[in-house]
>>> print(open('my_file.tsv').read())   # TSV, C-alpha atoms (C1' of nucleotides)
chain	number	residue	atom	x	y	z
A	1	MET	CA	124.03	125.16	78.03
A	2	LEU	CA	121.97	122.05	77.58
A	3	THR	CA	118.20	121.84	77.81
A	4	ILE	CA	116.73	119.02	79.82
A	5	GLY	CA	116.01	117.20	76.57
A	6	ASP	CA	119.64	117.47	75.45
A	7	LEU	CA	120.81	116.25	78.82
A	8	SER	CA	118.40	113.35	78.65
A	9	ARG	CA	119.64	112.28	75.21
A	10	ARG	CA	123.29	112.56	76.21
A	11	THR	CA	123.02	110.61	79.45
A	12	GLY	CA	120.24	108.19	78.59
A	13	VAL	CA	118.24	109.32	81.63
A	14	LYS	CA	114.60	110.14	80.93
A	15	ILE	CA	113.39	113.68	81.42
A	16	PRO	CA	110.94	112.98	84.26
A	17	THR	CA	113.69	111.01	85.97
A	18	ILE	CA	116.04	113.98	85.80
A	19	ARG	CA	113.39	116.15	87.42
A	20	TYR	CA	112.81	113.42	89.97
A	21	TYR	CA	116.53	113.37	90.89
A	22	GLU	CA	116.44	117.11	91.32
A	23	GLN	CA	113.39	116.83	93.52
A	24	ARG	CA	115.13	114.15	95.60
A	25	GLY	CA	118.17	116.36	95.97
A	26	LEU	CA	120.64	114.26	93.95
A	27	LEU	CA	120.95	117.10	91.48
A	28	ALA	CA	121.14	120.69	92.64
A	29	PRO	CA	118.20	122.85	91.55
A	30	ALA	CA	119.00	123.64	87.94
A	31	GLU	CA	119.75	127.05	86.58
A	32	ARG	CA	116.84	128.47	84.64
A	33	SER	CA	116.37	130.30	81.36
A	34	ASP	CA	114.46	133.57	81.26
A	35	GLY	CA	111.38	131.49	80.56
A	36	ASN	CA	111.96	129.25	83.57
A	37	GLN	CA	113.30	126.24	81.70
A	38	ARG	CA	116.14	124.18	83.16
A	39	ARG	CA	119.63	124.70	81.71
A	40	TYR	CA	122.59	122.44	82.41
A	41	GLY	CA	126.36	122.69	82.11
A	42	LYS	CA	129.21	120.21	82.12
A	43	ARG	CA	129.23	119.73	85.89
A	44	GLU	CA	125.57	118.76	86.00
A	45	ARG	CA	126.04	116.39	83.09
A	46	GLU	CA	128.91	114.69	84.87
A	47	ARG	CA	126.96	114.39	88.06
A	48	LEU	CA	124.00	112.90	86.27
A	49	SER	CA	126.30	110.36	84.60
A	50	PHE	CA	127.67	109.50	88.01
A	51	ILE	CA	124.14	108.98	89.31
A	52	LYS	CA	123.14	106.89	86.34
A	53	HIS	CA	126.19	104.73	86.65
A	54	ALA	CA	125.52	104.15	90.33
A	55	ARG	CA	121.85	103.39	89.70
A	56	ASP	CA	122.84	100.94	86.97
A	57	LEU	CA	124.96	99.22	89.58
A	58	GLY	CA	121.89	98.97	91.77
A	59	LEU	CA	122.78	101.54	94.41
A	60	THR	CA	119.88	103.20	96.18
A	61	ILE	CA	119.18	106.90	96.02
A	62	GLU	CA	120.32	107.20	99.63
A	63	ALA	CA	123.63	105.45	98.94
A	64	ILE	CA	124.18	107.73	95.98
A	65	ARG	CA	123.44	110.75	98.12
A	66	GLU	CA	126.20	109.64	100.50
A	67	LEU	CA	128.64	109.13	97.64
A	68	ILE	CA	127.89	112.58	96.30
A	69	VAL	CA	128.63	114.13	99.67
A	70	LEU	CA	131.87	112.15	99.77
A	71	SER	CA	132.92	113.09	96.29
A	72	SER	CA	132.66	116.74	97.17
A	73	HIS	CA	135.10	116.25	100.05
A	74	PRO	CA	138.23	114.93	98.33
A	75	GLU	CA	140.34	115.13	101.47
A	76	TRP	CA	138.08	112.83	103.51
A	77	PRO	CA	139.13	109.22	104.00
A	78	CYS	CA	137.46	106.94	101.50
A	79	GLU	CA	136.49	104.17	103.90
A	80	GLN	CA	132.88	105.08	103.65
A	81	ALA	CA	132.85	104.88	99.86
A	82	ASP	CA	134.56	101.51	100.07
A	83	ARG	CA	131.99	100.37	102.59
A	84	ILE	CA	129.10	101.41	100.33
A	85	ALA	CA	130.59	99.52	97.41
A	86	ALA	CA	131.31	96.49	99.56
A	87	GLU	CA	127.78	96.45	100.98
A	88	GLN	CA	126.34	96.69	97.52
A	89	LEU	CA	128.53	93.79	96.44
A	90	LEU	CA	127.24	91.70	99.33
A	91	SER	CA	123.69	92.59	98.49
A	92	VAL	CA	124.17	91.73	94.81
A	93	ARG	CA	125.71	88.41	95.74
A	94	GLY	CA	122.81	87.64	98.04
A	95	LYS	CA	120.36	88.38	95.27
A	96	ILE	CA	122.27	86.20	92.84
A	97	ALA	CA	122.26	83.30	95.27
A	98	LYS	CA	118.54	83.64	95.84
A	99	LEU	CA	117.78	83.86	92.14
A	100	GLN	CA	119.94	80.84	91.41
A	101	SER	CA	117.96	78.76	93.85
A	102	LEU	CA	114.76	79.97	92.19
A	103	GLU	CA	116.27	79.10	88.85
A	104	ARG	CA	116.97	75.51	89.90
A	105	GLU	CA	113.46	75.19	91.24
A	106	LEU	CA	111.91	76.63	88.09
A	107	VAL	CA	113.99	74.38	85.85
A	108	ARG	CA	112.78	71.39	87.78
A	109	ILE	CA	109.19	72.54	87.65
A	110	ALA	CA	109.23	73.60	84.04
A	111	THR	CA	110.89	70.47	82.70
A	112	HIS	CA	108.88	67.94	84.66
A	113	CYS	CA	105.47	68.48	83.19
A	114	GLY	CA	104.38	65.04	82.15
A	115	GLY	CA	100.69	65.31	81.39
A	116	ASP	CA	99.05	67.60	78.93
A	117	GLN	CA	96.12	68.58	81.08
A	118	VAL	CA	96.19	70.96	83.99
A	119	LYS	CA	95.18	68.22	86.38
A	120	ASP	CA	98.47	66.41	85.73
A	121	CYS	CA	100.56	69.53	85.27
A	122	TYR	CA	103.70	69.52	87.35
A	123	VAL	CA	103.87	73.32	87.36
A	124	ILE	CA	100.52	73.57	89.06
A	125	ARG	CA	101.11	70.62	91.36
A	126	ALA	CA	104.52	71.88	92.44
A	127	LEU	CA	103.10	75.26	93.32
A	128	ALA	CA	100.25	73.71	95.25
A	129	ASP	CA	102.43	71.27	97.13
A	130	HIS	CA	105.60	72.60	98.62
A	131	GLU	CA	106.63	69.04	99.52
A	132	LEU	CA	107.56	68.55	95.88
A	133	CYS	CA	110.30	71.15	96.24
A	134	GLU	CA	113.93	70.37	96.69
A	135	GLY	CA	115.83	72.62	99.05
A	136	GLU	CA	114.41	75.56	100.89
A	137	HIS	CA	113.12	78.85	99.59
B	1	MET	CA	88.05	77.63	111.16
B	2	LEU	CA	91.17	79.76	111.30
B	3	THR	CA	91.31	83.44	112.13
B	4	ILE	CA	93.41	85.64	109.90
B	5	GLY	CA	96.13	85.58	112.57
B	6	ASP	CA	96.17	81.76	112.62
B	7	LEU	CA	96.34	81.68	108.84
B	8	SER	CA	99.16	84.18	108.89
B	9	ARG	CA	101.21	82.13	111.36
B	10	ARG	CA	100.64	78.89	109.46
B	11	THR	CA	101.54	80.21	106.04
B	12	GLY	CA	104.11	82.84	106.94
B	13	VAL	CA	102.14	85.51	105.07
B	14	LYS	CA	101.58	88.72	107.00
B	15	ILE	CA	98.05	89.72	107.91
B	16	PRO	CA	97.89	92.91	105.82
B	17	THR	CA	99.27	90.93	102.90
B	18	ILE	CA	96.47	88.38	103.21
B	19	ARG	CA	93.91	91.17	103.11
B	20	TYR	CA	95.76	92.66	100.16
B	21	TYR	CA	95.55	89.37	98.25
B	22	GLU	CA	91.83	89.26	98.93
B	23	GLN	CA	91.47	92.83	97.72
B	24	ARG	CA	93.40	91.98	94.57
B	25	GLY	CA	91.18	88.96	93.96
B	26	LEU	CA	93.78	86.21	94.49
B	27	LEU	CA	91.81	84.99	97.46
B	28	ALA	CA	88.02	84.83	97.38
B	29	PRO	CA	86.29	87.17	99.84
B	30	ALA	CA	86.62	85.34	103.13
B	31	GLU	CA	83.72	83.97	105.14
B	32	ARG	CA	82.97	86.12	108.15
B	33	SER	CA	82.20	85.52	111.80
B	34	ASP	CA	79.09	87.07	113.36
B	35	GLY	CA	81.28	90.00	114.32
B	36	ASN	CA	82.55	90.42	110.74
B	37	GLN	CA	85.98	88.88	111.22
B	38	ARG	CA	87.49	86.71	108.50
B	39	ARG	CA	87.42	82.94	108.95
B	40	TYR	CA	89.37	80.48	106.81
B	41	GLY	CA	89.21	76.75	106.07
B	42	LYS	CA	91.57	74.22	104.53
B	43	ARG	CA	90.92	75.30	100.94
B	44	GLU	CA	91.82	78.90	101.63
B	45	ARG	CA	94.94	77.84	103.47
B	46	GLU	CA	96.03	75.74	100.51
B	47	ARG	CA	95.37	78.51	98.10
B	48	LEU	CA	97.35	80.97	100.16
B	49	SER	CA	100.26	78.51	100.30
B	50	PHE	CA	100.07	78.23	96.52
B	51	ILE	CA	100.21	82.01	96.23
B	52	LYS	CA	103.09	82.32	98.66
B	53	HIS	CA	105.05	79.66	96.87
B	54	ALA	CA	104.53	81.36	93.54
B	55	ARG	CA	105.47	84.77	94.98
B	56	ASP	CA	108.61	83.26	96.51
B	57	LEU	CA	109.48	82.10	93.01
B	58	GLY	CA	109.08	85.68	91.85
B	59	LEU	CA	105.84	85.35	89.89
B	60	THR	CA	103.76	88.50	89.61
B	61	ILE	CA	100.26	88.82	90.99
B	62	GLU	CA	98.94	88.71	87.43
B	63	ALA	CA	100.80	85.50	86.60
B	64	ILE	CA	99.47	83.94	89.78
B	65	ARG	CA	95.98	85.02	88.88
B	66	GLU	CA	96.32	83.13	85.59
B	67	LEU	CA	97.64	80.04	87.34
B	68	ILE	CA	94.71	80.09	89.75
B	69	VAL	CA	92.25	80.21	86.89
B	70	LEU	CA	94.10	77.31	85.27
B	71	SER	CA	94.20	75.23	88.41
B	72	SER	CA	90.44	75.45	88.70
B	73	HIS	CA	90.07	73.97	85.20
B	74	PRO	CA	91.82	70.61	85.49
B	75	GLU	CA	90.71	69.46	82.05
B	76	TRP	CA	92.33	72.36	80.21
B	77	PRO	CA	95.65	71.81	78.47
B	78	CYS	CA	98.57	72.88	80.59
B	79	GLU	CA	100.53	74.70	77.92
B	80	GLN	CA	99.76	78.03	79.49
B	81	ALA	CA	101.05	76.99	82.89
B	82	ASP	CA	104.20	75.68	81.26
B	83	ARG	CA	104.56	78.93	79.40
B	84	ILE	CA	104.25	80.99	82.59
B	85	ALA	CA	106.90	78.89	84.30
B	86	ALA	CA	109.17	79.06	81.27
B	87	GLU	CA	108.81	82.83	81.00
B	88	GLN	CA	109.59	83.22	84.65
B	89	LEU	CA	112.66	81.04	84.19
B	90	LEU	CA	113.85	83.25	81.35
B	91	SER	CA	113.26	86.36	83.40
B	92	VAL	CA	115.13	84.93	86.38
B	93	ARG	CA	118.04	83.96	84.16
B	94	GLY	CA	118.12	87.44	82.69
B	95	LYS	CA	118.24	88.97	86.15
B	96	ILE	CA	121.02	86.61	87.19
B	97	ALA	CA	123.09	87.54	84.17
B	98	LYS	CA	122.62	91.23	84.81
B	99	LEU	CA	123.50	90.90	88.48
B	100	GLN	CA	126.59	88.87	87.67
B	101	SER	CA	127.86	91.61	85.42
B	102	LEU	CA	127.22	94.10	88.21
B	103	GLU	CA	129.03	91.80	90.58
B	104	ARG	CA	132.13	91.71	88.40
B	105	GLU	CA	132.07	95.48	88.10
B	106	LEU	CA	131.64	95.98	91.83
B	107	VAL	CA	134.42	93.56	92.65
B	108	ARG	CA	136.71	95.47	90.37
B	109	ILE	CA	135.69	98.79	91.85
B	110	ALA	CA	135.75	97.67	95.45
B	111	THR	CA	139.11	95.94	95.30
B	112	HIS	CA	140.97	98.62	93.39
B	113	CYS	CA	140.89	101.42	95.87
B	114	GLY	CA	144.52	102.44	96.18
B	115	GLY	CA	144.50	105.71	98.03
B	116	ASP	CA	143.00	106.43	101.39
B	117	GLN	CA	141.47	109.76	100.55
B	118	VAL	CA	138.33	110.30	98.54
B	119	LYS	CA	140.27	112.17	95.87
B	120	ASP	CA	142.17	108.98	95.00
B	121	CYS	CA	139.30	106.59	95.70
B	122	TYR	CA	138.68	104.18	92.87
B	123	VAL	CA	135.05	103.71	93.90
B	124	ILE	CA	134.31	107.36	93.40
B	125	ARG	CA	136.46	107.69	90.30
B	126	ALA	CA	134.93	104.64	88.67
B	127	LEU	CA	131.45	105.97	89.23
B	128	ALA	CA	132.35	109.36	87.88
B	129	ASP	CA	134.13	108.01	84.84
B	130	HIS	CA	132.41	105.30	82.90
B	131	GLU	CA	135.55	104.87	80.80
B	132	LEU	CA	137.07	102.98	83.71
B	133	CYS	CA	134.46	100.25	83.33
B	134	GLU	CA	135.07	96.98	81.64
B	135	GLY	CA	132.23	95.62	79.56
B	136	GLU	CA	128.87	97.22	79.15
B	137	HIS	CA	126.12	97.80	81.64
C	1	DT	C1'	77.61	89.30	133.95
C	2	DG	C1'	81.23	92.71	133.60
C	3	DC	C1'	85.77	93.80	132.36
C	4	DA	C1'	90.28	93.82	130.43
C	5	DC	C1'	93.22	93.01	126.75
C	6	DG	C1'	94.63	91.28	122.58
C	7	DA	C1'	93.03	90.43	117.84
C	8	DT	C1'	90.75	92.16	114.09
C	9	DC	C1'	88.11	95.54	111.40
C	10	DT	C1'	88.21	99.46	107.67
C	11	DC	C1'	90.33	103.24	105.66
C	12	DC	C1'	94.09	105.69	104.30
C	13	DA	C1'	98.81	106.90	103.50
C	14	DG	C1'	103.48	105.73	102.68
C	15	DT	C1'	107.54	102.90	100.75
C	16	DA	C1'	111.24	102.96	96.14
C	17	DG	C1'	112.05	104.70	91.89
C	18	DC	C1'	110.22	106.16	88.65
C	19	DT	C1'	106.48	107.06	84.69
C	20	DG	C1'	102.88	109.28	82.33
C	21	DG	C1'	99.06	112.64	81.57
C	22	DA	C1'	96.67	117.41	81.67
C	23	DG	C1'	96.81	121.89	80.73
C	24	DA	C1'	99.65	125.94	80.40
C	25	DT	C1'	103.80	128.29	78.77
C	26	DA	C1'	108.47	128.80	76.24
C	27	DC	C1'	111.54	128.37	72.35
C	28	DG	C1'	113.22	128.70	67.71
C	29	DG	C1'	112.91	128.63	62.69
C	30	DA	C1'	110.22	130.33	58.39
D	1	DT	C1'	103.78	136.53	63.72
D	2	DC	C1'	102.87	131.85	63.60
D	3	DC	C1'	103.56	127.00	64.28
D	4	DG	C1'	105.12	122.94	66.12
D	5	DT	C1'	107.87	120.96	69.49
D	6	DA	C1'	109.83	121.26	74.15
D	7	DT	C1'	109.25	122.24	78.64
D	8	DC	C1'	106.83	123.72	82.81
D	9	DT	C1'	104.15	122.27	87.28
D	10	DC	C1'	101.10	119.38	89.53
D	11	DC	C1'	99.20	115.19	90.33
D	12	DA	C1'	98.11	110.35	89.93
D	13	DG	C1'	99.55	105.68	89.16
D	14	DC	C1'	102.66	101.61	88.90
D	15	DT	C1'	104.15	96.82	92.09
D	16	DA	C1'	103.60	94.49	96.12
D	17	DC	C1'	103.14	95.35	100.05
D	18	DT	C1'	103.47	97.68	105.05
D	19	DG	C1'	102.01	100.30	108.85
D	20	DG	C1'	99.12	103.44	111.63
D	21	DA	C1'	94.57	105.42	113.59
D	22	DG	C1'	90.61	104.67	115.71
D	23	DA	C1'	86.81	101.53	116.28
D	24	DT	C1'	84.97	96.92	117.19
D	25	DC	C1'	85.24	91.85	118.32
D	26	DG	C1'	86.38	87.70	121.01
D	27	DT	C1'	87.64	85.42	125.05
D	28	DG	C1'	89.40	84.24	129.61
D	29	DC	C1'	88.83	85.43	134.35
D	30	DA	C1'	86.62	87.16	138.60
>>> encode(input="my_file.tsv", output="structure tokens")
Amino acid sequence: MLTIGDLSRRTGVKIPTIRYYEQRGLLAPAERSDGNQRRYGKRERERLSFIKHARDLGLTIEAIRELIVLSSHPEWPCEQADRIAAEQLLSVRGKIAKLQSLERELVRIATHCGGDQVKDCYVIRALADHELCEGEH
Amino acid sequence: MLTIGDLSRRTGVKIPTIRYYEQRGLLAPAERSDGNQRRYGKRERERLSFIKHARDLGLTIEAIRELIVLSSHPEWPCEQADRIAAEQLLSVRGKIAKLQSLERELVRIATHCGGDQVKDCYVIRALADHELCEGEH
DNA sequence: TGCACGATCTCCAGTAGCTGGAGATACGGA
DNA sequence: TCCGTATCTCCAGCTACTGGAGATCGTGCA
């Protein structure tokens, strides 16, 4: 059996985060030692890896909760899991698009500074005057 | 003079958010009517637009605070403003890169689902088994 | 002048997803 | 048995808001 510290080192998930996942119901309440310390087996380690992987992909706690329910019902159709992945993909793509437009704007702002005093600084002027922007954001 | 509602409509910043900015010191404490309601002039409107623009670009409250200090000292050198913009650009690019790697992973996961039951679902399997991933994340 | 109704006030709590500290207890090797 | 590290629970705080409760203000209309 692993202690919470062992589990943390093996999965790369911090100890308070593990307890937080338990509290949020992503992990079942852990078995305890005689002295009330959490002990984990292989199943729990796998589930935590699953959670970490999903979090790394940007899924919310709620989405992960759904996936966990699904994964414990192997005979269910997997449409819902596909839908969650597809929605996350859409969301990631939306974020990328938004960030790319910010990137263009920042490049323009950051490379246009002509003066060397704040009063001529393009960064400051561009922020103060939205008219200087290209495109919408 | 504008009421807080007028200011909100003209800048697109919600009323509680305006009060929050005041509380955080990005906006000076507003003038008040006889009945203690906030009243705003042109200067405050411009400053709020500046803040909104910077927030839309993803700058933190702290970064904006620095920029506001700078913009009220027109004779200072603008290196610091340039630095803030450049740092934000780096951070945005980092986020884009990370999201793009997530995107690739999600595309792979979401398009590979062969079966129609959860037990064969690639989405679930990929999350459970990091070995199925390409690249690092 | 009185009233009705929407706008605004302050204060507080909640959101997501952790993160860290305080003070008490458990574990494991010498 | 002792010591040092790990873990326990509880609670508060982080960012950047957002929303509700209950009270007060402002304004148009009769």
>>> closest_residue(input="my_file.tsv", among="B:Ile61, B:Cys113, B:Ala30, B:Ile4", to="chain D", atoms="all atoms listed in the file")
B:Ile61
>>> interface_residues(input="my_file.tsv", of="chain A", to="chain B", cutoff="8 Å", atoms="all atoms listed in the file", output="VMD selection string")
chain A and resid 46 to 47 49 to 51 53 to 54 56 to 57 67 70 to 71 73 to 79 81 to 82 85 to 86 88 to 89 92 to 93 95 to 96 99 to 100 102 to 103 106 to 107 109 to 110 113 115 to 121 123 to 124 127 to 130 137
>>> interface_residues(input="my_file.tsv", of="chain C", to="chain B", cutoff="12 Å", atoms="only C-alpha atoms (C1' of nucleotides)", output="PyMOL selection string")
chain C and resi 6-10
>>> interface_residues(input="my_file.tsv", of="chain D", to="chain B", cutoff="12 Å", atoms="all atoms listed in the file", output="NGL selection string")
:D and (15-19 or 24-26)
>>> write_last_selection(input="my_file.tsv", atoms="C-alpha atoms (C1' of nucleotides)", output="CSV table (one decimal), in the frame of the given file")
chain,number,residue,atom,x,y,z
D,15,DT,C1',104.2,96.8,92.1
D,16,DA,C1',103.6,94.5,96.1
D,17,DC,C1',103.1,95.4,100.0
D,18,DT,C1',103.5,97.7,105.0
D,19,DG,C1',102.0,100.3,108.8
D,24,DT,C1',85.0,96.9,117.2
D,25,DC,C1',85.2,91.8,118.3
D,26,DG,C1',86.4,87.7,121.0
>>> calpha_fit_and_write(input="my_file.tsv", fixed="chain A", moving="chain B", output="compact mmCIF listing (two decimals) with C-alpha atoms, keeping the file's coordinate frame")
# COMPACT_ATOMS: atom_id res chain seq x y z
CA MET B 1 124.05 125.17 77.99
CA LEU B 2 121.96 122.05 77.55
CA THR B 3 118.20 121.86 77.78
CA ILE B 4 116.73 119.05 79.82
CA GLY B 5 115.99 117.20 76.57
CA ASP B 6 119.63 117.48 75.44
CA LEU B 7 120.81 116.26 78.83
CA SER B 8 118.39 113.38 78.66
CA ARG B 9 119.62 112.28 75.23
CA ARG B 10 123.28 112.55 76.22
CA THR B 11 123.00 110.62 79.46
CA GLY B 12 120.21 108.21 78.62
CA VAL B 13 118.21 109.35 81.66
CA LYS B 14 114.58 110.17 80.95
CA ILE B 15 113.38 113.72 81.43
CA PRO B 16 110.94 113.03 84.29
CA THR B 17 113.68 111.05 86.00
CA ILE B 18 116.04 114.02 85.82
CA ARG B 19 113.42 116.22 87.44
CA TYR B 20 112.84 113.50 90.01
CA TYR B 21 116.55 113.43 90.90
CA GLU B 22 116.47 117.19 91.33
CA GLN B 23 113.41 116.91 93.54
CA ARG B 24 115.13 114.24 95.62
CA GLY B 25 118.21 116.44 95.98
CA LEU B 26 120.68 114.32 93.97
CA LEU B 27 120.99 117.14 91.48
CA ALA B 28 121.18 120.75 92.62
CA PRO B 29 118.24 122.91 91.53
CA ALA B 30 119.03 123.66 87.91
CA GLU B 31 119.77 127.11 86.54
CA ARG B 32 116.84 128.50 84.61
CA SER B 33 116.35 130.31 81.32
CA ASP B 34 114.43 133.60 81.24
CA GLY B 35 111.34 131.54 80.54
CA ASN B 36 111.97 129.29 83.57
CA GLN B 37 113.29 126.26 81.69
CA ARG B 38 116.15 124.23 83.13
CA ARG B 39 119.62 124.72 81.68
CA TYR B 40 122.59 122.46 82.38
CA GLY B 41 126.37 122.70 82.06
CA LYS B 42 129.23 120.21 82.07
CA ARG B 43 129.25 119.74 85.84
CA GLU B 44 125.60 118.79 85.96
CA ARG B 45 126.06 116.40 83.07
CA GLU B 46 128.92 114.70 84.87
CA ARG B 47 126.98 114.43 88.04
CA LEU B 48 124.02 112.92 86.27
CA SER B 49 126.31 110.37 84.60
CA PHE B 50 127.68 109.51 88.04
CA ILE B 51 124.15 109.00 89.32
CA LYS B 52 123.13 106.90 86.35
CA HIS B 53 126.19 104.73 86.66
CA ALA B 54 125.53 104.16 90.34
CA ARG B 55 121.85 103.39 89.70
CA ASP B 56 122.83 100.94 86.96
CA LEU B 57 124.95 99.22 89.59
CA GLY B 58 121.87 98.99 91.77
CA LEU B 59 122.77 101.56 94.41
CA THR B 60 119.85 103.22 96.16
CA ILE B 61 119.16 106.93 96.01
CA GLU B 62 120.31 107.20 99.62
CA ALA B 63 123.62 105.45 98.93
CA ILE B 64 124.19 107.74 95.98
CA ARG B 65 123.44 110.74 98.12
CA GLU B 66 126.20 109.64 100.50
CA LEU B 67 128.64 109.12 97.65
CA ILE B 68 127.91 112.59 96.31
CA VAL B 69 128.64 114.13 99.68
CA LEU B 70 131.88 112.14 99.81
CA SER B 71 132.95 113.09 96.33
CA SER B 72 132.67 116.75 97.22
CA HIS B 73 135.11 116.24 100.11
CA PRO B 74 138.23 114.92 98.40
CA GLU B 75 140.34 115.11 101.54
CA TRP B 76 138.09 112.81 103.57
CA PRO B 77 139.11 109.19 104.03
CA CYS B 78 137.45 106.91 101.54
CA GLU B 79 136.48 104.14 103.92
CA GLN B 80 132.84 105.05 103.64
CA ALA B 81 132.84 104.85 99.87
CA ASP B 82 134.55 101.48 100.07
CA ARG B 83 131.98 100.36 102.58
CA ILE B 84 129.08 101.38 100.33
CA ALA B 85 130.58 99.50 97.40
CA ALA B 86 131.29 96.46 99.56
CA GLU B 87 127.76 96.43 100.97
CA GLN B 88 126.32 96.68 97.51
CA LEU B 89 128.52 93.79 96.43
CA LEU B 90 127.23 91.67 99.29
CA SER B 91 123.66 92.56 98.46
CA VAL B 92 124.15 91.73 94.79
CA ARG B 93 125.71 88.40 95.70
CA GLY B 94 122.81 87.63 98.00
CA LYS B 95 120.33 88.36 95.23
CA ILE B 96 122.27 86.19 92.80
CA ALA B 97 122.25 83.28 95.22
CA LYS B 98 118.54 83.62 95.81
CA LEU B 99 117.78 83.83 92.10
CA GLN B 100 119.94 80.81 91.37
CA SER B 101 117.97 78.75 93.83
CA LEU B 102 114.78 79.94 92.16
CA GLU B 103 116.28 79.06 88.82
CA ARG B 104 116.98 75.49 89.88
CA GLU B 105 113.46 75.16 91.23
CA LEU B 106 111.90 76.58 88.09
CA VAL B 107 113.96 74.35 85.85
CA ARG B 108 112.79 71.36 87.80
CA ILE B 109 109.18 72.49 87.68
CA ALA B 110 109.21 73.53 84.05
CA THR B 111 110.89 70.41 82.72
CA HIS B 112 108.87 67.88 84.68
CA CYS B 113 105.47 68.43 83.22
CA GLY B 114 104.38 64.96 82.16
CA GLY B 115 100.71 65.24 81.39
CA ASP B 116 99.05 67.56 78.96
CA GLN B 117 96.12 68.52 81.11
CA VAL B 118 96.21 70.92 84.01
CA LYS B 119 95.19 68.16 86.41
CA ASP B 120 98.48 66.36 85.76
CA CYS B 121 100.58 69.49 85.29
CA TYR B 122 103.71 69.48 87.38
CA VAL B 123 103.88 73.28 87.37
CA ILE B 124 100.54 73.56 89.06
CA ARG B 125 101.12 70.60 91.36
CA ALA B 126 104.52 71.85 92.45
CA LEU B 127 103.10 75.23 93.32
CA ALA B 128 100.25 73.72 95.24
CA ASP B 129 102.42 71.27 97.13
CA HIS B 130 105.58 72.59 98.64
CA GLU B 131 106.59 69.03 99.53
CA LEU B 132 107.54 68.55 95.89
CA CYS B 133 110.28 71.15 96.24
CA GLU B 134 113.90 70.36 96.69
CA GLY B 135 115.82 72.60 99.04
CA GLU B 136 114.43 75.57 100.84
CA HIS B 137 113.16 78.85 99.53
>>> atom_distance(input="my_file.tsv", atom1="CA of Glu31 in chain A", atom2="C1' of DG13 in chain D")
29.5 Å
>>> atom_distance(input="my_file.tsv", atom1="C1' of DA16 in chain C", atom2="CA of Ala63 in chain A")
12.9 Å
>>> atom_distance(input="my_file.tsv", atom1="C1' of DT5 in chain D", atom2="C1' of DG20 in chain C")
18.1 Å
>>> axis_aligned_box(input="my_file.tsv", around="range 99-118 of chain B", padding_each_side="8 Å", output="JSON")
{"center_x": 134.0, "center_y": 99.6, "center_z": 93.4, "size_x": 37.0, "size_y": 37.4, "size_z": 32.0}
>>> residues_around(input="my_file.tsv", residues="DA30 in chain C", least_positions_apart="4", cutoff="12 Å", atoms="all atoms listed in the file", output="PyMOL selection string")
chain D and resi 1-4
>>> residues_around(input="my_file.tsv", residues="Met1 in chain A", least_positions_apart="4", cutoff="8 Å", atoms="all atoms listed in the file", output="count of residues only")
3
>>> residues_around(input="my_file.tsv", residues="DC14 in chain D", least_positions_apart="2", cutoff="10 Å", atoms="only C-alpha atoms (C1' of nucleotides)", output="count of residues only")
3
>>> closest_residue(input="my_file.tsv", among="C:DG29, C:DC12, C:DG2, C:DG21", to="DC29 in chain D", atoms="only C-alpha atoms (C1' of nucleotides)")
C:DG2
>>> decode(input="my_file.tsv", residues="range 2-30 of chain C", atoms="C-alpha atoms (C1' of nucleotides)", output="PDB file, in the first residue's frame")
ATOM      1  C1'  DG C   2     -46.435  61.727  -2.696  1.00  0.00           C
ATOM      2  C1'  DC C   3     -45.556  57.449  -4.782  1.00  0.00           C
ATOM      3  C1'  DA C   4     -43.789  53.792  -7.521  1.00  0.00           C
ATOM      4  C1'  DC C   5     -40.086  51.555  -9.567  1.00  0.00           C
ATOM      5  C1'  DG C   6     -35.684  50.980 -11.188  1.00  0.00           C
ATOM      6  C1'  DA C   7     -30.828  51.967 -10.053  1.00  0.00           C
ATOM      7  C1'  DT C   8     -27.478  51.927  -6.745  1.00  0.00           C
ATOM      8  C1'  DC C   9     -25.497  51.245  -2.130  1.00  0.00           C
ATOM      9  C1'  DT C  10     -22.687  48.024   1.187  1.00  0.00           C
ATOM     10  C1'  DC C  11     -21.573  43.670   2.793  1.00  0.00           C
ATOM     11  C1'  DC C  12     -20.854  39.062   2.237  1.00  0.00           C
ATOM     12  C1'  DA C  13     -20.435  34.654   0.066  1.00  0.00           C
ATOM     13  C1'  DG C  14     -19.492  31.829  -3.806  1.00  0.00           C
ATOM     14  C1'  DT C  15     -17.110  30.362  -8.318  1.00  0.00           C
ATOM     15  C1'  DA C  16     -12.701  26.849 -10.110  1.00  0.00           C
ATOM     16  C1'  DG C  17      -8.939  24.435  -8.789  1.00  0.00           C
ATOM     17  C1'  DC C  18      -6.042  24.321  -6.045  1.00  0.00           C
ATOM     18  C1'  DT C  19      -2.271  25.877  -2.323  1.00  0.00           C
ATOM     19  C1'  DG C  20      -0.350  26.717   2.045  1.00  0.00           C
ATOM     20  C1'  DG C  21      -0.222  27.239   7.161  1.00  0.00           C
ATOM     21  C1'  DA C  22      -1.268  25.901  12.224  1.00  0.00           C
ATOM     22  C1'  DG C  23      -1.299  22.726  15.517  1.00  0.00           C
ATOM     23  C1'  DA C  24      -1.898  17.927  16.605  1.00  0.00           C
ATOM     24  C1'  DT C  25      -0.907  13.058  15.754  1.00  0.00           C
ATOM     25  C1'  DA C  26       1.347   8.869  13.353  1.00  0.00           C
ATOM     26  C1'  DC C  27       5.167   6.258  11.524  1.00  0.00           C
ATOM     27  C1'  DG C  28       9.596   4.058  11.291  1.00  0.00           C
ATOM     28  C1'  DG C  29      14.522   3.539  12.154  1.00  0.00           C
ATOM     29  C1'  DA C  30      18.429   3.734  15.800  1.00  0.00           C
TER      30       DA C  30
END
